Amino acid sequence: MENSIIDVIIPAYNEEKSIGLVLADIPRQWVREIIVCNNASTDRTAEVARESGAVVLDQPQKGYGSACLKGIEYLKNKPQAQQPDIVVFLDGDYSDHPEELPLVVKPIIEKDKDLVIGSRATGKLEKGAMMPQQVFGNWLATSLIKLFYNYNFTDLGPFRAIKWQKLLDIKMEDPDFGWTVEMQVKAAKYKLSFEEVPVTYRRRIGVSKVSGTIRGTILAGHKILWTIFKLL
């Protein structure tokens, strides 16, 4: 997939302090368009993203998956010839290292893989960047996927790349916490080829909307498990 068109989708909810840093670190020579899906933010996330050169879409329906789906809808509405070859997803809180984007897309470009997951489990994880409940939740979810589908993921990391056509084929639906695990379970069900690459992960800027609260942690854990069993 030489000369691939790569677009980036970033869901963002109240990330005005971090979104500019994320956008500044994306290697622009690798991507055509950066789409920030402003997920009902009450701060200046949208303004900062626009000032930094991103396309900003407003998604008033809260939810990580809802924001990502808004970005997909935007790309689907382009003429066929202008749709991307590869879509990269990463978070807007500056926990991912956007400069590692070439590492994440290379298995698609060079090996024709369908999906690439940036694995924090095999990469460099800054102390305190992931809460213990996140580490356990990732282990449990990936263990269940291995048990049911024999696909050996190590992480549900948000930094990932997927062929555009494969993304359309798997028909993503989840509006919130189940987004990442839905993609990986469907990748297993549809027999997509995949690779994991080690990525670096640091403490996010601000407080996590999921793991930063007990309620968010419980809801996310429940949704991840429910998604796995629902798709069996």
# chains A, B, ... in the order shown; residues from 1 in each chain; ligands from 1
>>> residues_around(residues="segment 73-84 of chain A", least_positions_apart="5", cutoff="8 Å", atoms="only C-alpha atoms", output="list in words")
Ser4, Ile5, Ile6, Asp7 and Trp164 of chain A
>>> write_last_selection(atoms="C-alpha atoms", output="short mmCIF file (atom, residue, chain, number, x, y, z; two decimals), in the first residue's frame")
data_model
loop_
_atom_site.label_atom_id
_atom_site.label_comp_id
_atom_site.auth_asym_id
_atom_site.auth_seq_id
_atom_site.Cartn_x
_atom_site.Cartn_y
_atom_site.Cartn_z
CA SER A 4 -1.47 5.36 1.04
CA ILE A 5 -3.85 8.14 2.02
CA ILE A 6 -3.90 8.25 5.82
CA ASP A 7 -6.46 10.19 7.86
CA TRP A 164 -10.49 2.01 5.65
#
>>> select_by_dssp(residues="segment 10-232 of chain A", states="alpha helix (DSSP H)", output="ChimeraX atom specification")
/A:19-25,45-51,64-76,101-111,132-149,164-169,179-189,214-230
>>> closest_residue(among="A:Leu232, A:Gly118, A:Ile72, A:Pro27", to="Tyr149 of chain A", atoms="only C-alpha atoms")
A:Leu232
>>> residues_around(residues="segment 141-147 of chain A", least_positions_apart="2", cutoff="8 Å", atoms="only C-alpha atoms", output="number ranges by chain")
A: 137-139, 149-156, 181, 185, 224-225, 228
>>> write_last_selection(atoms="C-alpha atoms", output="PDB file, in the first residue's frame")
ATOM      1  CA  GLY A 137      -9.272  -4.927  32.554  1.00  0.00           C
ATOM      2  CA  ASN A 138      -6.997  -5.122  29.517  1.00  0.00           C
ATOM      3  CA  TRP A 139      -5.606  -8.458  30.653  1.00  0.00           C
ATOM      4  CA  TYR A 149     -11.321 -16.486  19.116  1.00  0.00           C
ATOM      5  CA  ASN A 150      -7.661 -17.553  19.445  1.00  0.00           C
ATOM      6  CA  TYR A 151      -6.490 -14.031  18.629  1.00  0.00           C
ATOM      7  CA  ASN A 152      -3.516 -12.978  20.737  1.00  0.00           C
ATOM      8  CA  PHE A 153      -3.929  -9.323  21.599  1.00  0.00           C
ATOM      9  CA  THR A 154      -2.064  -7.870  24.591  1.00  0.00           C
ATOM     10  CA  ASP A 155      -3.890  -4.550  24.869  1.00  0.00           C
ATOM     11  CA  LEU A 156      -7.020  -2.569  24.032  1.00  0.00           C
ATOM     12  CA  VAL A 181     -12.844  -4.017  22.287  1.00  0.00           C
ATOM     13  CA  VAL A 185     -13.562  -8.759  18.669  1.00  0.00           C
ATOM     14  CA  ILE A 224     -16.128  -4.174  27.794  1.00  0.00           C
ATOM     15  CA  LEU A 225     -17.217  -7.575  29.115  1.00  0.00           C
ATOM     16  CA  ILE A 228     -17.257  -9.388  24.225  1.00  0.00           C
TER      17      ILE A 228
END
>>> atom_distance(atom1="atom CA of Arg204 of chain A", atom2="atom CA of Ser18 of chain A")
8.5 Å
>>> select_by_dssp(residues="segment 51-110 of chain A", states="strand (DSSP E or B)", output="list in words")
Val55, Val56, Leu57, Asp58, Ile86, Val87, Val88, Phe89 and Asp96 of chain A
>>> write_last_selection(atoms="C-alpha atoms", output="PDB file, in the first residue's frame")
ATOM      1  CA  VAL A  55     -10.935  19.591  10.826  1.00  0.00           C
ATOM      2  CA  VAL A  56     -13.314  19.864  13.785  1.00  0.00           C
ATOM      3  CA  LEU A  57     -16.611  17.994  13.892  1.00  0.00           C
ATOM      4  CA  ASP A  58     -19.125  18.535  16.687  1.00  0.00           C
ATOM      5  CA  ILE A  86      -5.933   3.903   6.244  1.00  0.00           C
ATOM      6  CA  VAL A  87      -7.507   5.465   9.322  1.00  0.00           C
ATOM      7  CA  VAL A  88      -5.557   6.057  12.520  1.00  0.00           C
ATOM      8  CA  PHE A  89      -7.269   6.528  15.881  1.00  0.00           C
ATOM      9  CA  ASP A  96      -0.261   8.506  23.308  1.00  0.00           C
TER      10      ASP A  96
END
>>> residues_around(residues="Gly20 of chain A", least_positions_apart="5", cutoff="12 Å", atoms="only C-alpha atoms", output="PyMOL selection string")
chain A and resi 10+12+15+25-26+36+44-54+92-94+98+205
>>> residues_around(residues="Val116 of chain A", least_positions_apart="2", cutoff="8 Å", atoms="only C-alpha atoms", output="list in words")
Val104, Val105, Pro107, Ile108, Lys113, Asp114, Gly118, Arg160, Ala161, Ile162, Phe194, Glu195, Glu196 and Val197 of chain A
>>> write_last_selection(atoms="C-alpha atoms", output="compact mmCIF listing (two decimals), in the first residue's frame")
# COMPACT_ATOMS: atom_id res chain seq x y z
CA VAL A 104 1.64 2.07 13.87
CA VAL A 105 0.83 2.29 10.16
CA PRO A 107 2.60 -3.06 9.18
CA ILE A 108 -0.34 -2.09 6.97
CA LYS A 113 -1.99 -6.12 7.59
CA ASP A 114 -5.61 -5.11 8.10
CA GLY A 118 -0.37 0.07 19.49
CA ARG A 160 -4.43 2.00 16.34
CA ALA A 161 -4.61 1.91 12.55
CA ILE A 162 -6.96 0.03 10.26
CA PHE A 194 -3.41 -7.92 12.57
CA GLU A 195 -0.17 -6.98 14.21
CA GLU A 196 0.69 -5.27 17.48
CA VAL A 197 3.52 -2.78 17.76
>>> atom_distance(atom1="atom CA of Asp112 of chain A", atom2="atom CA of Ala67 of chain A")
27.4 Å
>>> atom_distance(atom1="atom CA of Leu115 of chain A", atom2="atom CA of Leu69 of chain A")
17.4 Å
